[in-house]
$ cat work05.txt   # compact mmCIF, C-alpha atoms
# COMPACT_ATOMS: atom_id res chain seq x y z
CA ARG A 23 -70.56 43.50 -45.96
CA VAL A 24 -69.05 43.12 -42.52
CA LEU A 25 -65.91 45.20 -42.03
CA PRO A 26 -62.83 43.72 -40.33
CA ASP A 27 -62.13 44.34 -36.65
CA LEU A 28 -59.58 47.16 -36.27
CA ARG A 29 -58.71 46.62 -32.60
CA SER A 30 -55.36 45.26 -33.72
CA GLU A 31 -52.96 46.37 -36.42
CA PRO A 32 -54.16 45.33 -39.89
CA VAL A 33 -51.97 43.22 -42.13
CA VAL A 34 -52.03 44.63 -45.66
CA ARG A 35 -51.00 43.29 -49.03
CA VAL A 36 -49.12 45.59 -51.39
CA PHE A 37 -49.26 44.96 -55.14
CA LEU A 38 -45.73 44.83 -56.57
CA ALA A 39 -45.87 43.18 -60.00
CA GLN A 40 -48.05 41.33 -62.49
CA ALA A 41 -46.78 39.62 -65.64
CA ALA A 42 -46.58 36.27 -67.37
CA VAL A 43 -43.16 35.84 -65.72
CA ILE A 44 -41.98 37.59 -62.55
CA ALA A 45 -38.43 37.46 -61.20
CA PHE A 46 -37.57 38.10 -57.57
CA SER A 47 -34.77 37.27 -55.16
CA LEU A 48 -35.07 35.84 -51.65
CA ASP A 49 -32.52 36.94 -49.07
CA LEU A 50 -33.25 33.90 -46.90
CA PRO A 51 -34.63 30.42 -47.52
CA ALA A 52 -38.41 30.24 -47.45
CA THR A 53 -41.18 27.68 -47.09
CA LEU A 54 -44.18 27.53 -49.39
CA ALA A 55 -47.66 27.29 -47.94
CA ASP A 56 -47.63 23.56 -48.80
CA GLY A 57 -44.40 22.98 -46.82
CA ARG A 58 -41.88 22.83 -49.68
CA ARG A 59 -38.59 24.63 -49.05
CA ILE A 60 -37.33 27.35 -51.40
CA ALA A 61 -33.65 28.31 -51.34
CA ALA A 62 -32.35 31.85 -50.96
CA GLY A 63 -31.42 33.50 -54.27
CA ALA A 64 -33.03 34.33 -57.61
CA HIS A 65 -36.40 32.82 -58.54
CA ARG A 66 -38.93 33.00 -61.38
CA VAL A 67 -42.66 32.49 -61.10
CA GLN A 68 -44.87 32.24 -64.15
CA ALA A 69 -48.48 31.59 -65.01
CA VAL A 70 -48.79 28.51 -67.21
CA GLY A 71 -52.17 27.14 -68.26
CA GLY A 72 -54.04 28.22 -65.14
CA THR A 73 -51.29 27.22 -62.70
CA LEU A 74 -48.35 28.91 -61.03
CA VAL A 75 -44.91 27.52 -61.75
CA LEU A 76 -42.07 28.56 -59.45
CA ASP A 77 -38.62 27.62 -60.78
CA GLY A 78 -40.15 24.88 -62.93
CA VAL A 79 -42.32 23.37 -60.16
CA THR A 80 -46.12 23.82 -59.92
CA VAL A 81 -47.15 25.50 -56.66
CA PRO A 82 -50.52 26.32 -55.02
CA LEU A 83 -52.43 29.12 -56.78
CA GLU A 84 -51.70 31.40 -53.86
CA SER A 85 -48.42 30.78 -52.10
CA LEU A 86 -47.10 32.65 -49.10
CA LEU A 87 -43.34 32.29 -48.99
CA VAL A 88 -42.95 32.03 -45.22
CA MET A 89 -39.52 33.15 -44.08
CA ALA A 90 -37.46 33.61 -40.96
CA VAL A 91 -37.72 37.06 -39.39
CA ALA A 92 -35.31 39.51 -41.01
CA GLU A 93 -35.32 43.21 -41.84
CA ARG A 94 -34.88 42.52 -45.54
CA ARG A 95 -36.53 39.40 -46.94
CA PHE A 96 -36.76 39.75 -50.71
CA SER A 97 -36.22 42.09 -53.62
CA ALA A 98 -37.74 42.52 -57.05
CA GLU A 99 -37.35 44.69 -60.11
CA LEU A 100 -40.64 46.55 -60.46
CA ASP A 101 -42.06 48.06 -63.63
CA PRO A 102 -43.84 51.31 -62.70
CA PRO A 103 -46.83 52.59 -64.69
CA TYR A 104 -44.34 54.98 -66.31
CA GLY A 105 -40.62 55.66 -65.99
CA ARG A 106 -37.68 53.29 -65.51
CA ASN A 107 -37.83 49.97 -63.70
CA GLN A 108 -36.78 50.07 -60.05
CA THR A 109 -35.23 47.34 -57.91
CA LEU A 110 -36.55 47.56 -54.36
CA ALA A 111 -36.03 45.49 -51.21
CA PHE A 112 -38.92 44.42 -49.00
CA GLY A 113 -39.24 43.30 -45.37
CA GLY A 114 -42.66 41.66 -45.51
CA THR A 115 -43.72 38.22 -46.64
CA PRO A 116 -43.71 37.67 -50.41
CA VAL A 117 -46.92 36.24 -51.85
CA VAL A 118 -47.25 34.84 -55.36
CA ARG A 119 -50.71 34.29 -56.82
CA LEU A 120 -52.43 33.60 -60.09
CA ALA A 121 -54.39 36.51 -61.59
CA GLY A 122 -56.07 35.40 -64.78
CA ALA A 123 -53.32 34.36 -67.18
CA GLN A 124 -50.61 36.17 -65.21
CA ALA A 125 -48.67 35.80 -61.98
CA GLN A 126 -48.77 38.47 -59.29
CA LEU A 127 -46.15 39.30 -56.69
CA LEU A 128 -47.47 40.88 -53.50
CA GLU A 129 -45.93 41.81 -50.17
CA GLU A 130 -47.85 41.05 -46.96
CA LEU A 131 -46.89 43.12 -43.93
CA PRO A 132 -48.27 44.99 -40.91
CA LEU A 133 -49.73 48.43 -41.68
CA GLU A 134 -47.15 50.28 -39.56
CA SER A 135 -44.27 48.56 -41.40
CA TYR A 136 -45.85 49.63 -44.68
CA LEU A 137 -46.08 53.22 -43.42
CA ALA A 138 -42.37 53.14 -42.48
CA GLY A 139 -41.68 52.56 -46.19
CA VAL A 140 -44.15 55.25 -47.30
CA LEU A 141 -43.25 58.21 -45.10
CA PRO A 142 -39.60 58.68 -46.16
CA THR A 143 -40.60 58.09 -49.79
CA GLU A 144 -43.42 60.62 -49.82
CA MET A 145 -41.37 63.29 -47.97
CA ASN A 146 -37.77 64.18 -47.26
CA PRO A 147 -36.89 62.15 -44.12
CA LYS A 148 -34.76 65.05 -42.84
CA TRP A 149 -37.72 67.42 -42.61
CA PRO A 150 -38.96 68.48 -39.16
CA VAL A 151 -40.77 65.86 -37.09
CA ALA A 152 -43.97 67.94 -37.03
CA ALA A 153 -44.19 67.97 -40.84
CA LEU A 154 -43.44 64.25 -41.02
CA ALA A 155 -46.01 63.57 -38.27
CA ALA A 156 -48.69 65.39 -40.29
CA GLN A 157 -47.77 63.23 -43.30
CA ALA A 158 -47.90 60.14 -41.07
CA VAL A 159 -51.49 60.98 -40.06
CA ALA A 160 -52.48 61.52 -43.70
CA ALA A 161 -50.72 58.34 -44.87
CA ARG A 162 -52.18 56.23 -42.04
CA SER A 163 -55.67 57.59 -42.78
CA TYR A 164 -55.33 56.90 -46.51
CA ALA A 165 -53.90 53.40 -46.00
CA THR A 166 -56.60 52.50 -43.47
CA ALA A 167 -59.34 53.76 -45.80
CA LYS A 168 -57.92 51.65 -48.67
CA TYR A 169 -57.60 48.65 -46.35
CA LEU A 170 -61.28 48.95 -45.36
CA GLU A 171 -62.28 49.45 -49.00
CA ARG A 172 -60.26 46.51 -50.32
CA PHE A 173 -59.81 44.17 -47.31
CA ASP A 174 -61.55 41.29 -49.07
CA ARG A 175 -59.52 41.60 -52.29
CA PRO A 176 -56.14 40.01 -53.08
CA TRP A 177 -54.29 43.29 -52.37
CA GLN A 178 -55.14 46.55 -50.64
CA LEU A 179 -52.39 48.97 -51.72
CA HIS A 180 -50.20 49.48 -54.80
CA TRP A 181 -46.49 50.28 -54.43
CA HIS A 182 -46.49 53.13 -56.98
CA TYR A 183 -47.55 56.68 -56.13
CA SER A 184 -49.57 57.02 -59.34
CA VAL A 185 -52.01 54.41 -57.97
CA ASP A 186 -51.80 54.82 -54.18
CA MET A 187 -48.87 56.20 -52.15
CA ALA A 188 -45.16 56.12 -52.91
CA TYR A 189 -43.76 53.03 -51.18
CA ALA A 190 -40.13 51.92 -51.40
CA GLY A 191 -40.15 49.01 -48.93
CA VAL A 192 -37.06 48.76 -46.74
CA THR A 193 -35.16 50.56 -49.51
CA ALA A 194 -36.70 53.79 -48.17
CA LYS A 195 -34.31 56.04 -46.26
CA ARG A 196 -35.08 55.80 -42.56
CA SER A 197 -34.21 58.51 -40.09
CA PRO A 198 -34.82 59.24 -36.41
CA ASN A 199 -37.30 61.93 -37.52
CA VAL A 200 -39.37 59.38 -39.48
CA THR A 201 -39.35 56.94 -36.56
CA GLU A 202 -40.49 59.68 -34.16
CA ALA A 203 -43.14 60.96 -36.56
CA LEU A 204 -44.66 57.48 -37.00
CA ARG A 205 -44.54 56.86 -33.24
CA SER A 206 -46.20 60.15 -32.40
$ encode --input "work05.txt" --output "C-alpha cells"
Amino acid sequence: RVLPDLRSEPVVRVFLAQAAVIAFSLDLPATLADGRRIAAGAHRVQAVGGTLVLDGVTVPLESLLVMAVAERRFSAELDPPYGRNQTLAFGGTPVVRLAGAQAQLLEELPLESYLAGVLPTEMNPKWPVAALAAQAVAARSYATAKYLERFDRPWQLHWHYSVDMAYAGVTAKRSPNVTEALRS
C-alpha cells in the first residue's frame, strides 16, 4: 500500500468511545458534514438499525461536527478499559461514525495538538525540559508509527494508555516546560 506523504503535519483520529449510545457535550455550535446545524450543549448519538441517530435525527454514517476555532470544543465521559469513567475535554473536531451495531466517538486533530495532550499526561509537566523533550521524541515516534500503521483505518490512536499512550485532551495540565519540550 502507498503510505501518506509526511511533508506536512498529519491529522490523526483518536478513539474516544464506542457504545450503542454515546453522550457528549459541545462547547460551541457545530455543523454536520451535510450542513445541518447542531446547538452547543449535551447531545446523544446512537446506532439504530444500521444508521446513526443524533438527538433523534438520522445523520450521515460518518459525521464530522465542524466547529468554530476554540481551545476547548467538546467533552465526553469516557469508559476506560478498566477503572472509573473519566470526563475529559477535547480541542479537536468531534467525529461520530457507525461501527457495526454501535456508534463511535472520535477526535480529529493535528498530531502536534495530540502530543500536547499526551506529554503532560504521560509525565509530570513540572519535570525538567530535557526529560520532557526525551518523552516528546518517544511519543512523537510512537504516534507517527501508529499513524503510518493505521492511516487508512477509521482511527489511528486510542485515548487510553492501556491501548496506546495516555491522552487527556485539553484537560491535560500544560506548562511552559511541556511547551518548550514539544517545540525543541
$ residues_around --input "work05.txt" --residues "Arg196 of chain A" --least-positions-apart "6" --cutoff "8 Å" --atoms "all atoms listed in the file" --output "VMD selection string"
chain A and resid 138 142 147
$ residues_around --input "work05.txt" --residues "Gly78 of chain A" --least-positions-apart "4" --cutoff "10 Å" --atoms "all atoms listed in the file" --output "list in words"
His65, Arg66, Val67, Gln68 and Leu74 of chain A
$ residues_around --input "work05.txt" --residues "Val36 of chain A" --least-positions-apart "5" --cutoff "8 Å" --atoms "all atoms listed in the file" --output "MDAnalysis selection string"
chainID A and resid 128:130 177:181
$ closest_residue --input "work05.txt" --among "A:Arg172, A:Arg23, A:Lys195, A:Arg94" --to "Ala111 of chain A" --atoms "all atoms listed in the file"
A:Arg94
$ atom_distance --input "work05.txt" --atom1 "atom CA of Leu50 of chain A" --atom2 "atom CA of Phe112 of chain A"
12.1 Å
$ closest_residue --input "work05.txt" --among "A:Gln124, A:Ser163, A:Ser97, A:Ser135" --to "Thr73 of chain A" --atoms "all atoms listed in the file"
A:Gln124
$ closest_residue --input "work05.txt" --among "A:Lys148, A:Leu137, A:Tyr183, A:Tyr164" --to "Leu204 of chain A" --atoms "all atoms listed in the file"
A:Leu137
$ residues_around --input "work05.txt" --residues "Ala98 of chain A" --least-positions-apart "4" --cutoff "7 Å" --atoms "only C-alpha atoms" --output "PyMOL selection string"
chain A and resi 45-47+109-111
$ closest_residue --input "work05.txt" --among "A:Ile44, A:Leu25, A:Ala161, A:Ala188" --to "Val118 of chain A" --atoms "only C-alpha atoms"
A:Ile44
$ residues_near_point --input "work05.txt" --point "(-40.8, 61.8, -48.2)" --cutoff "10 Å" --atoms "all atoms listed in the file" --output "MDAnalysis selection string"
chainID A and resid 139:149 154 157 188:189 194:195 200
$ atom_distance --input "work05.txt" --atom1 "atom CA of Leu87 of chain A" --atom2 "atom CA of Thr53 of chain A"
5.4 Å
$ residues_near_point --input "work05.txt" --point "(-50.5, 36.8, -64.2)" --cutoff "6 Å" --atoms "all atoms listed in the file" --output "list of chain:residue names"
A:Gln40, A:Ala41, A:Ala42, A:Ala69, A:Leu120, A:Ala121, A:Gly122, A:Ala123, A:Gln124, A:Ala125, A:Gln126
$ atom_distance --input "work05.txt" --atom1 "atom CA of Arg175 of chain A" --atom2 "atom CA of Ala158 of chain A"
24.6 Å
$ closest_residue --input "work05.txt" --among "A:Ala39, A:Val81, A:Val33, A:Val24" --to "His182 of chain A" --atoms "all atoms listed in the file"
A:Ala39
$ residues_around --input "work05.txt" --residues "Pro51 of chain A" --least-positions-apart "6" --cutoff "6 Å" --atoms "only C-alpha atoms" --output "PyMOL selection string"
chain A and resi 60-62
$ closest_residue --input "work05.txt" --among "A:Arg59, A:Leu83, A:Glu31, A:Asn199" --to "Gly71 of chain A" --atoms "all atoms listed in the file"
A:Leu83
$ build_atoms --input "work05.txt" --residues "segment 31-47 of chain A" --atoms "N, CA, C and O atoms" --output "short mmCIF file (atom, residue, chain, number, x, y, z; two decimals), in the coordinates of the input"
data_model
loop_
_atom_site.label_atom_id
_atom_site.label_comp_id
_atom_site.auth_asym_id
_atom_site.auth_seq_id
_atom_site.Cartn_x
_atom_site.Cartn_y
_atom_site.Cartn_z
N GLU A 31 -53.57 45.83 -35.20
CA GLU A 31 -52.96 46.37 -36.42
C GLU A 31 -53.31 45.50 -37.64
O GLU A 31 -53.07 44.29 -37.63
N PRO A 32 -53.85 46.11 -38.68
CA PRO A 32 -54.16 45.33 -39.89
C PRO A 32 -52.90 44.85 -40.60
O PRO A 32 -51.86 45.50 -40.55
N VAL A 33 -53.01 43.72 -41.24
CA VAL A 33 -51.97 43.22 -42.13
C VAL A 33 -52.46 43.52 -43.54
O VAL A 33 -53.58 43.15 -43.90
N VAL A 34 -51.64 44.23 -44.32
CA VAL A 34 -52.03 44.63 -45.66
C VAL A 34 -51.20 43.87 -46.69
O VAL A 34 -50.12 43.37 -46.39
N ARG A 35 -51.74 43.82 -47.89
CA ARG A 35 -51.00 43.29 -49.03
C ARG A 35 -50.77 44.41 -50.02
O ARG A 35 -51.70 45.13 -50.37
N VAL A 36 -49.52 44.54 -50.45
CA VAL A 36 -49.12 45.59 -51.39
C VAL A 36 -48.83 44.94 -52.73
O VAL A 36 -48.02 44.00 -52.83
N PHE A 37 -49.49 45.43 -53.78
CA PHE A 37 -49.26 44.96 -55.14
C PHE A 37 -47.89 45.43 -55.60
O PHE A 37 -47.59 46.63 -55.54
N LEU A 38 -47.06 44.48 -56.07
CA LEU A 38 -45.73 44.83 -56.57
C LEU A 38 -45.59 44.61 -58.07
O LEU A 38 -45.01 45.45 -58.76
N ALA A 39 -46.08 43.48 -58.58
CA ALA A 39 -45.87 43.18 -60.00
C ALA A 39 -46.91 42.20 -60.50
O ALA A 39 -47.42 41.38 -59.74
N GLN A 40 -47.19 42.29 -61.81
CA GLN A 40 -48.05 41.33 -62.49
C GLN A 40 -47.55 41.17 -63.91
O GLN A 40 -47.39 42.14 -64.63
N ALA A 41 -47.27 39.92 -64.30
CA ALA A 41 -46.78 39.62 -65.64
C ALA A 41 -46.86 38.12 -65.86
O ALA A 41 -47.11 37.36 -64.93
N ALA A 42 -46.61 37.70 -67.07
CA ALA A 42 -46.58 36.27 -67.37
C ALA A 42 -45.44 35.60 -66.61
O ALA A 42 -45.56 34.47 -66.14
N VAL A 43 -44.32 36.34 -66.46
CA VAL A 43 -43.16 35.84 -65.72
C VAL A 43 -42.68 36.95 -64.79
O VAL A 43 -42.51 38.09 -65.23
N ILE A 44 -42.47 36.62 -63.53
CA ILE A 44 -41.98 37.59 -62.55
C ILE A 44 -40.72 37.02 -61.91
O ILE A 44 -40.69 35.87 -61.49
N ALA A 45 -39.68 37.85 -61.85
CA ALA A 45 -38.43 37.46 -61.20
C ALA A 45 -38.32 38.20 -59.87
O ALA A 45 -38.70 39.36 -59.75
N PHE A 46 -37.83 37.50 -58.86
CA PHE A 46 -37.57 38.10 -57.57
C PHE A 46 -36.44 37.34 -56.91
O PHE A 46 -36.05 36.26 -57.36
N SER A 47 -35.89 37.90 -55.85
CA SER A 47 -34.77 37.27 -55.16
C SER A 47 -35.06 37.21 -53.67
O SER A 47 -35.45 38.21 -53.07
#
